[in-house]
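Everything below belongs to model33.cif, which stores mmCIF, N, CA and C atoms.
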```cif
data_protein
loop_
_atom_site.group_PDB
_atom_site.id
_atom_site.type_symbol
_atom_site.label_atom_id
_atom_site.label_comp_id
_atom_site.auth_asym_id
_atom_site.auth_seq_id
_atom_site.Cartn_x
_atom_site.Cartn_y
_atom_site.Cartn_z
ATOM 1 N N MET A 1 -16.036 16.558 8.917
ATOM 2 C CA MET A 1 -16.532 16.225 7.612
ATOM 3 C C MET A 1 -17.859 15.477 7.710
ATOM 4 N N PHE A 2 -17.850 14.348 8.405
ATOM 5 C CA PHE A 2 -19.050 13.540 8.560
ATOM 6 C C PHE A 2 -19.229 13.207 10.034
ATOM 7 N N PRO A 3 -19.657 14.179 10.848
ATOM 8 C CA PRO A 3 -19.746 13.945 12.287
ATOM 9 C C PRO A 3 -20.654 12.779 12.656
ATOM 10 N N GLU A 4 -21.684 12.530 11.880
ATOM 11 C CA GLU A 4 -22.592 11.430 12.183
ATOM 12 C C GLU A 4 -21.938 10.065 11.955
ATOM 13 N N GLN A 5 -20.828 10.038 11.239
ATOM 14 C CA GLN A 5 -20.110 8.798 10.949
ATOM 15 C C GLN A 5 -18.801 8.681 11.732
ATOM 16 N N SER A 6 -18.542 9.570 12.674
ATOM 17 C CA SER A 6 -17.221 9.620 13.319
ATOM 18 C C SER A 6 -16.837 8.307 14.000
ATOM 19 N N ASN A 7 -17.759 7.651 14.689
ATOM 20 C CA ASN A 7 -17.429 6.369 15.334
ATOM 21 C C ASN A 7 -17.121 5.296 14.290
ATOM 22 N N THR A 8 -17.935 5.236 13.249
ATOM 23 C CA THR A 8 -17.725 4.255 12.181
ATOM 24 C C THR A 8 -16.384 4.500 11.499
ATOM 25 N N ILE A 9 -16.079 5.745 11.208
ATOM 26 C CA ILE A 9 -14.810 6.091 10.549
ATOM 27 C C ILE A 9 -13.629 5.692 11.425
ATOM 28 N N SER A 10 -13.693 5.967 12.706
ATOM 29 C CA SER A 10 -12.607 5.597 13.627
ATOM 30 C C SER A 10 -12.394 4.091 13.643
ATOM 31 N N GLU A 11 -13.485 3.338 13.702
ATOM 32 C CA GLU A 11 -13.375 1.875 13.716
ATOM 33 C C GLU A 11 -12.801 1.344 12.404
ATOM 34 N N GLU A 12 -13.283 1.878 11.276
ATOM 35 C CA GLU A 12 -12.789 1.426 9.972
ATOM 36 C C GLU A 12 -11.312 1.744 9.791
ATOM 37 N N LEU A 13 -10.910 2.943 10.184
ATOM 38 C CA LEU A 13 -9.503 3.319 10.031
ATOM 39 C C LEU A 13 -8.596 2.496 10.929
ATOM 40 N N ALA A 14 -9.071 2.135 12.104
ATOM 41 C CA ALA A 14 -8.279 1.272 12.993
ATOM 42 C C ALA A 14 -8.028 -0.073 12.317
ATOM 43 N N VAL A 15 -9.040 -0.610 11.646
ATOM 44 C CA VAL A 15 -8.888 -1.882 10.925
ATOM 45 C C VAL A 15 -7.928 -1.711 9.750
ATOM 46 N N VAL A 16 -8.091 -0.641 8.968
ATOM 47 C CA VAL A 16 -7.230 -0.405 7.803
ATOM 48 C C VAL A 16 -5.776 -0.242 8.244
ATOM 49 N N PHE A 17 -5.536 0.569 9.251
ATOM 50 C CA PHE A 17 -4.155 0.759 9.719
ATOM 51 C C PHE A 17 -3.594 -0.516 10.328
ATOM 52 N N GLY A 18 -4.439 -1.307 10.974
ATOM 53 C CA GLY A 18 -3.991 -2.610 11.480
ATOM 54 C C GLY A 18 -3.546 -3.513 10.345
ATOM 55 N N ASP A 19 -4.308 -3.511 9.239
ATOM 56 C CA ASP A 19 -3.935 -4.301 8.062
ATOM 57 C C ASP A 19 -2.641 -3.794 7.447
ATOM 58 N N LEU A 20 -2.479 -2.485 7.355
ATOM 59 C CA LEU A 20 -1.250 -1.908 6.805
ATOM 60 C C LEU A 20 -0.041 -2.279 7.653
ATOM 61 N N LEU A 21 -0.204 -2.262 8.969
ATOM 62 C CA LEU A 21 0.881 -2.671 9.867
ATOM 63 C C LEU A 21 1.190 -4.159 9.699
ATOM 64 N N ALA A 22 0.157 -4.982 9.612
ATOM 65 C CA ALA A 22 0.344 -6.428 9.478
ATOM 66 C C ALA A 22 1.055 -6.781 8.173
ATOM 67 N N GLU A 23 0.771 -6.048 7.109
ATOM 68 C CA GLU A 23 1.403 -6.286 5.812
ATOM 69 C C GLU A 23 2.775 -5.606 5.720
ATOM 70 N N GLU A 24 3.179 -4.917 6.770
ATOM 71 C CA GLU A 24 4.449 -4.187 6.839
ATOM 72 C C GLU A 24 4.567 -3.134 5.748
ATOM 73 N N ILE A 25 3.442 -2.485 5.438
ATOM 74 C CA ILE A 25 3.426 -1.391 4.481
ATOM 75 C C ILE A 25 3.754 -0.088 5.196
ATOM 76 N N VAL A 26 3.332 0.028 6.444
ATOM 77 C CA VAL A 26 3.654 1.178 7.286
ATOM 78 C C VAL A 26 4.240 0.664 8.593
ATOM 79 N N ARG A 27 4.932 1.542 9.300
ATOM 80 C CA ARG A 27 5.495 1.213 10.609
ATOM 81 C C ARG A 27 5.063 2.254 11.610
ATOM 82 N N GLN A 28 4.927 1.826 12.850
ATOM 83 C CA GLN A 28 4.646 2.781 13.910
ATOM 84 C C GLN A 28 5.948 3.459 14.289
ATOM 85 N N THR A 29 5.837 4.710 14.657
ATOM 86 C CA THR A 29 7.015 5.455 15.064
ATOM 87 C C THR A 29 6.641 6.421 16.181
ATOM 88 N N THR A 30 7.634 6.874 16.873
ATOM 89 C CA THR A 30 7.397 7.846 17.939
ATOM 90 C C THR A 30 7.891 9.225 17.530
ATOM 91 N N ILE A 31 8.294 9.366 16.277
ATOM 92 C CA ILE A 31 8.798 10.646 15.783
ATOM 93 C C ILE A 31 7.643 11.642 15.692
ATOM 94 N N GLU A 32 7.862 12.819 16.223
ATOM 95 C CA GLU A 32 6.839 13.871 16.173
ATOM 96 C C GLU A 32 6.981 14.649 14.877
ATOM 97 N N MET A 33 5.860 14.932 14.240
ATOM 98 C CA MET A 33 5.892 15.728 13.008
ATOM 99 C C MET A 33 6.049 17.206 13.366
ATOM 100 N N THR A 34 6.895 17.885 12.623
ATOM 101 C CA THR A 34 7.084 19.317 12.883
ATOM 102 C C THR A 34 6.045 20.154 12.154
ATOM 103 N N THR A 35 5.583 19.658 11.021
ATOM 104 C CA THR A 35 4.538 20.363 10.260
ATOM 105 C C THR A 35 3.366 19.410 10.075
ATOM 106 N N PRO A 36 2.177 19.897 10.252
ATOM 107 C CA PRO A 36 1.024 19.001 10.051
ATOM 108 C C PRO A 36 0.884 18.624 8.574
ATOM 109 N N PRO A 37 0.365 17.428 8.301
ATOM 110 C CA PRO A 37 0.193 17.022 6.901
ATOM 111 C C PRO A 37 -0.880 17.855 6.214
ATOM 112 N N ALA A 38 -0.798 17.930 4.905
ATOM 113 C CA ALA A 38 -1.811 18.664 4.141
ATOM 114 C C ALA A 38 -3.153 17.947 4.258
ATOM 115 N N VAL A 39 -4.201 18.697 4.343
ATOM 116 C CA VAL A 39 -5.541 18.129 4.457
ATOM 117 C C VAL A 39 -6.176 18.119 3.071
ATOM 118 N N PRO A 40 -6.559 16.916 2.603
ATOM 119 C CA PRO A 40 -7.178 16.866 1.264
ATOM 120 C C PRO A 40 -8.576 17.466 1.280
ATOM 121 N N ALA A 41 -9.096 17.764 0.110
ATOM 122 C CA ALA A 41 -10.457 18.304 -0.004
ATOM 123 C C ALA A 41 -11.459 17.283 0.525
ATOM 124 N N SER A 42 -12.514 17.753 1.125
ATOM 125 C CA SER A 42 -13.540 16.874 1.677
ATOM 126 C C SER A 42 -14.334 16.212 0.558
ATOM 127 N N PRO A 43 -14.600 14.919 0.701
ATOM 128 C CA PRO A 43 -15.421 14.243 -0.305
ATOM 129 C C PRO A 43 -16.879 14.671 -0.191
ATOM 130 N N ALA A 44 -17.619 14.485 -1.256
ATOM 131 C CA ALA A 44 -19.029 14.883 -1.275
ATOM 132 C C ALA A 44 -19.887 13.951 -0.443
ATOM 133 N N GLU A 45 -19.490 12.675 -0.372
ATOM 134 C CA GLU A 45 -20.271 11.717 0.409
ATOM 135 C C GLU A 45 -19.338 10.758 1.125
ATOM 136 N N TYR A 46 -19.862 10.107 2.149
ATOM 137 C CA TYR A 46 -19.078 9.162 2.924
ATOM 138 C C TYR A 46 -18.931 7.844 2.167
ATOM 139 N N VAL A 47 -17.695 7.358 2.070
ATOM 140 C CA VAL A 47 -17.410 6.060 1.466
ATOM 141 C C VAL A 47 -16.629 5.261 2.502
ATOM 142 N N PRO A 48 -17.099 4.064 2.861
ATOM 143 C CA PRO A 48 -16.401 3.266 3.884
ATOM 144 C C PRO A 48 -14.949 2.996 3.509
ATOM 145 N N SER A 49 -14.077 3.024 4.511
ATOM 146 C CA SER A 49 -12.652 2.754 4.306
ATOM 147 C C SER A 49 -12.419 1.253 4.347
ATOM 148 N N LYS A 50 -11.496 0.780 3.497
ATOM 149 C CA LYS A 50 -11.100 -0.619 3.563
ATOM 150 C C LYS A 50 -9.744 -0.779 2.896
ATOM 151 N N PHE A 51 -9.058 -1.832 3.269
ATOM 152 C CA PHE A 51 -7.742 -2.146 2.733
ATOM 153 C C PHE A 51 -7.912 -3.272 1.728
ATOM 154 N N ASN A 52 -7.465 -3.050 0.494
ATOM 155 C CA ASN A 52 -7.514 -4.085 -0.538
ATOM 156 C C ASN A 52 -6.111 -4.594 -0.778
ATOM 157 N N ARG A 53 -5.911 -5.887 -0.605
ATOM 158 C CA ARG A 53 -4.610 -6.507 -0.829
ATOM 159 C C ARG A 53 -4.681 -7.261 -2.145
ATOM 160 N N TYR A 54 -3.815 -6.878 -3.089
ATOM 161 C CA TYR A 54 -3.777 -7.526 -4.391
ATOM 162 C C TYR A 54 -2.523 -8.376 -4.479
ATOM 163 N N ALA A 55 -2.648 -9.653 -4.163
ATOM 164 C CA ALA A 55 -1.505 -10.553 -4.186
ATOM 165 C C ALA A 55 -1.484 -11.401 -5.444
ATOM 166 N N ASP A 56 -2.531 -11.360 -6.235
ATOM 167 C CA ASP A 56 -2.603 -12.194 -7.418
ATOM 168 C C ASP A 56 -1.659 -11.735 -8.531
ATOM 169 N N MET A 57 -1.101 -10.565 -8.415
ATOM 170 C CA MET A 57 -0.185 -10.051 -9.434
ATOM 171 C C MET A 57 1.246 -10.564 -9.245
ATOM 172 N N GLN A 58 1.547 -11.146 -8.103
ATOM 173 C CA GLN A 58 2.913 -11.569 -7.815
ATOM 174 C C GLN A 58 3.432 -12.540 -8.873
ATOM 175 N N ASP A 59 2.635 -13.543 -9.245
ATOM 176 C CA ASP A 59 3.081 -14.508 -10.249
ATOM 177 C C ASP A 59 3.337 -13.840 -11.589
ATOM 178 N N LEU A 60 2.474 -12.896 -11.966
ATOM 179 C CA LEU A 60 2.673 -12.198 -13.243
ATOM 180 C C LEU A 60 3.937 -11.349 -13.224
ATOM 181 N N LEU A 61 4.202 -10.691 -12.111
ATOM 182 C CA LEU A 61 5.410 -9.870 -12.019
ATOM 183 C C LEU A 61 6.670 -10.734 -12.080
ATOM 184 N N LEU A 62 6.594 -11.931 -11.527
ATOM 185 C CA LEU A 62 7.759 -12.810 -11.551
ATOM 186 C C LEU A 62 8.037 -13.367 -12.947
ATOM 187 N N LEU A 63 7.050 -13.310 -13.841
ATOM 188 C CA LEU A 63 7.260 -13.738 -15.222
ATOM 189 C C LEU A 63 8.080 -12.723 -16.009
ATOM 190 N N ASP A 64 8.150 -11.514 -15.526
ATOM 191 C CA ASP A 64 8.869 -10.442 -16.199
ATOM 192 C C ASP A 64 10.364 -10.763 -16.184
ATOM 193 N N PRO A 65 11.022 -10.744 -17.341
ATOM 194 C CA PRO A 65 12.448 -11.100 -17.380
ATOM 195 C C PRO A 65 13.345 -10.150 -16.591
ATOM 196 N N ILE A 66 12.837 -9.007 -16.226
ATOM 197 C CA ILE A 66 13.654 -8.085 -15.433
ATOM 198 C C ILE A 66 14.020 -8.715 -14.082
ATOM 199 N N HIS A 67 13.246 -9.714 -13.675
ATOM 200 C CA HIS A 67 13.508 -10.372 -12.398
ATOM 201 C C HIS A 67 14.530 -11.506 -12.525
ATOM 202 N N ASP A 68 14.976 -11.795 -13.757
ATOM 203 C CA ASP A 68 15.978 -12.835 -13.963
ATOM 204 C C ASP A 68 17.370 -12.271 -13.729
ATOM 205 N N VAL A 69 17.601 -11.799 -12.549
ATOM 206 C CA VAL A 69 18.870 -11.187 -12.190
ATOM 207 C C VAL A 69 19.464 -11.975 -11.024
ATOM 208 N N ASP A 70 20.732 -12.350 -11.154
ATOM 209 C CA ASP A 70 21.384 -13.023 -10.039
ATOM 210 C C ASP A 70 22.392 -12.072 -9.403
ATOM 211 N N GLU A 71 23.267 -12.603 -8.581
ATOM 212 C CA GLU A 71 24.224 -11.761 -7.860
ATOM 213 C C GLU A 71 25.197 -11.042 -8.798
ATOM 214 N N SER A 72 25.412 -11.602 -10.010
ATOM 215 C CA SER A 72 26.357 -10.978 -10.935
ATOM 216 C C SER A 72 25.750 -9.809 -11.698
ATOM 217 N N GLY A 73 24.442 -9.641 -11.639
ATOM 218 C CA GLY A 73 23.811 -8.495 -12.296
ATOM 219 C C GLY A 73 22.798 -8.908 -13.337
ATOM 220 N N TRP A 74 22.553 -8.011 -14.293
ATOM 221 C CA TRP A 74 21.544 -8.224 -15.322
ATOM 222 C C TRP A 74 21.954 -9.342 -16.268
ATOM 223 N N THR A 75 20.964 -10.039 -16.761
ATOM 224 C CA THR A 75 21.203 -11.074 -17.754
ATOM 225 C C THR A 75 21.609 -10.410 -19.064
ATOM 226 N N ILE A 76 22.674 -10.904 -19.672
ATOM 227 C CA ILE A 76 23.129 -10.327 -20.926
ATOM 228 C C ILE A 76 22.709 -11.267 -22.049
ATOM 229 N N LYS A 77 21.933 -10.737 -22.977
ATOM 230 C CA LYS A 77 21.470 -11.523 -24.104
ATOM 231 C C LYS A 77 22.581 -11.577 -25.148
ATOM 232 N N GLU A 78 22.951 -12.813 -25.515
ATOM 233 C CA GLU A 78 24.019 -12.977 -26.500
ATOM 234 C C GLU A 78 23.484 -12.710 -27.889
ATOM 235 N N LYS A 79 24.322 -12.129 -28.753
ATOM 236 C CA LYS A 79 23.946 -11.866 -30.141
ATOM 237 C C LYS A 79 23.886 -13.179 -30.899
ATOM 238 N N GLU A 80 22.876 -13.267 -31.743
ATOM 239 C CA GLU A 80 22.723 -14.504 -32.526
ATOM 240 C C GLU A 80 23.403 -14.385 -33.861
#
```

How does the structure come out when it is put into structure tokens?
Amino acid sequence: MFPEQSNTISEELAVVFGDLLAEEIVRQTTIEMTTPPAVPASPAEYVPSKFNRYADMQDLLLLDPIHDVDESGWTIKEKE
């Protein structure tokens, strides 16, 4: 796709995959794939790869009442 960027792409992807491993989003495995993955269409221009971690949403997600669940199950709202 971008032969002139091959070294840069390899270095960037190594960093991105390292970040994904560190965040435990992906795991290394020794399982061999039987079918190769689908190859997406080539982009028109080179865009540097990077991993964006969005941790600022955690507090907002915890405000959601769906998370007010204990071992007994969902919170039951009493009729008024």

Within 8 Å of Asn52 of chain A using only N, CA and C atoms, minus same-chain residues under 3 positions, as an MDAnalysis selection string = chainID A and resid 16 49 55

What is the atom C of Ser6 of chain A-atom C of Ala41 of chain A distance in Å, reported with one decimal?
-> 17.1 Å

Hey, can you check how far atom CA of Glu45 of chain A sits from atom CA of Pro3 of chain A?
-> 12.1 Å

Taking all atoms of segment 38-48 of chain A that the file lists and extending 6 Å past them on each side, where is the centre of the axis-aligned box and how long are its edges? Answer in Å to one decimal, as lines of an AutoDock Vina configuration file.
```
center_x = -10.5
center_y = 10.8
center_z = 1.8
size_x = 31.5
size_y = 27.7
size_z = 18.2
```

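Picture a line from atom N of Phe2 of chain A to atom N of Ala14 of chain A; it runs 15.5 Å.
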
Extract, using only N, CA and C atoms, all DNA, RNA and protein residues at most 8 Å from segment 17-24 of chain A, discarding same-chain residues fewer than 4 positions from it, and format them as a count of residues only.
-> 6

Start from the incomplete input, build all heavy atoms for segment 4-15 of chain A, and deliver everything as a short mmCIF file (atom, residue, chain, number, x, y, z; two decimals), keeping the file's coordinate frame.
```
data_model
loop_
_atom_site.label_atom_id
_atom_site.label_comp_id
_atom_site.auth_asym_id
_atom_site.auth_seq_id
_atom_site.Cartn_x
_atom_site.Cartn_y
_atom_site.Cartn_z
N GLU A 4 -21.68 12.53 11.88
CA GLU A 4 -22.59 11.43 12.18
C GLU A 4 -21.94 10.06 11.96
O GLU A 4 -22.42 9.05 12.43
CB GLU A 4 -23.89 11.54 11.37
CG GLU A 4 -23.74 11.37 9.87
CD GLU A 4 -23.24 12.60 9.13
OE1 GLU A 4 -23.05 13.67 9.73
OE2 GLU A 4 -23.02 12.48 7.92
N GLN A 5 -20.83 10.04 11.24
CA GLN A 5 -20.11 8.80 10.95
C GLN A 5 -18.80 8.68 11.73
O GLN A 5 -18.02 7.78 11.48
CB GLN A 5 -19.79 8.72 9.45
CG GLN A 5 -20.98 8.75 8.53
CD GLN A 5 -21.79 7.47 8.60
OE1 GLN A 5 -21.33 6.46 9.08
NE2 GLN A 5 -23.03 7.54 8.15
N SER A 6 -18.54 9.57 12.67
CA SER A 6 -17.22 9.62 13.32
C SER A 6 -16.84 8.31 14.00
O SER A 6 -15.69 7.87 13.89
CB SER A 6 -17.15 10.79 14.30
OG SER A 6 -18.08 10.61 15.34
N ASN A 7 -17.76 7.65 14.69
CA ASN A 7 -17.43 6.37 15.33
C ASN A 7 -17.12 5.30 14.29
O ASN A 7 -16.16 4.54 14.43
CB ASN A 7 -18.56 5.90 16.24
CG ASN A 7 -18.65 6.74 17.51
OD1 ASN A 7 -17.69 7.38 17.91
ND2 ASN A 7 -19.81 6.73 18.13
N THR A 8 -17.93 5.24 13.25
CA THR A 8 -17.73 4.26 12.18
C THR A 8 -16.38 4.50 11.50
O THR A 8 -15.63 3.55 11.24
CB THR A 8 -18.86 4.34 11.14
OG1 THR A 8 -20.11 4.13 11.80
CG2 THR A 8 -18.69 3.33 10.03
N ILE A 9 -16.08 5.74 11.21
CA ILE A 9 -14.81 6.09 10.55
C ILE A 9 -13.63 5.69 11.42
O ILE A 9 -12.66 5.09 10.94
CB ILE A 9 -14.77 7.59 10.19
CG1 ILE A 9 -15.80 7.89 9.10
CG2 ILE A 9 -13.37 8.02 9.76
CD1 ILE A 9 -16.04 9.37 8.85
N SER A 10 -13.69 5.97 12.71
CA SER A 10 -12.61 5.60 13.63
C SER A 10 -12.39 4.09 13.64
O SER A 10 -11.26 3.61 13.61
CB SER A 10 -12.91 6.09 15.04
OG SER A 10 -12.91 7.49 15.08
N GLU A 11 -13.48 3.34 13.70
CA GLU A 11 -13.38 1.88 13.72
C GLU A 11 -12.80 1.34 12.40
O GLU A 11 -11.93 0.47 12.40
CB GLU A 11 -14.75 1.25 13.98
CG GLU A 11 -15.26 1.50 15.38
CD GLU A 11 -16.73 1.12 15.55
OE1 GLU A 11 -17.31 0.51 14.62
OE2 GLU A 11 -17.28 1.42 16.62
N GLU A 12 -13.28 1.88 11.28
CA GLU A 12 -12.79 1.43 9.97
C GLU A 12 -11.31 1.74 9.79
O GLU A 12 -10.55 0.91 9.30
CB GLU A 12 -13.59 2.08 8.85
CG GLU A 12 -15.00 1.57 8.73
CD GLU A 12 -15.83 2.35 7.74
OE1 GLU A 12 -15.36 3.39 7.22
OE2 GLU A 12 -16.97 1.93 7.49
N LEU A 13 -10.91 2.94 10.18
CA LEU A 13 -9.50 3.32 10.03
C LEU A 13 -8.60 2.50 10.93
O LEU A 13 -7.47 2.17 10.55
CB LEU A 13 -9.32 4.81 10.28
CG LEU A 13 -9.88 5.72 9.18
CD1 LEU A 13 -9.68 7.18 9.55
CD2 LEU A 13 -9.25 5.41 7.84
N ALA A 14 -9.07 2.13 12.10
CA ALA A 14 -8.28 1.27 12.99
C ALA A 14 -8.03 -0.07 12.32
O ALA A 14 -6.91 -0.61 12.36
CB ALA A 14 -8.99 1.09 14.33
N VAL A 15 -9.04 -0.61 11.65
CA VAL A 15 -8.89 -1.88 10.92
C VAL A 15 -7.93 -1.71 9.75
O VAL A 15 -7.03 -2.53 9.55
CB VAL A 15 -10.26 -2.41 10.45
CG1 VAL A 15 -10.10 -3.60 9.52
CG2 VAL A 15 -11.13 -2.77 11.63
#
```
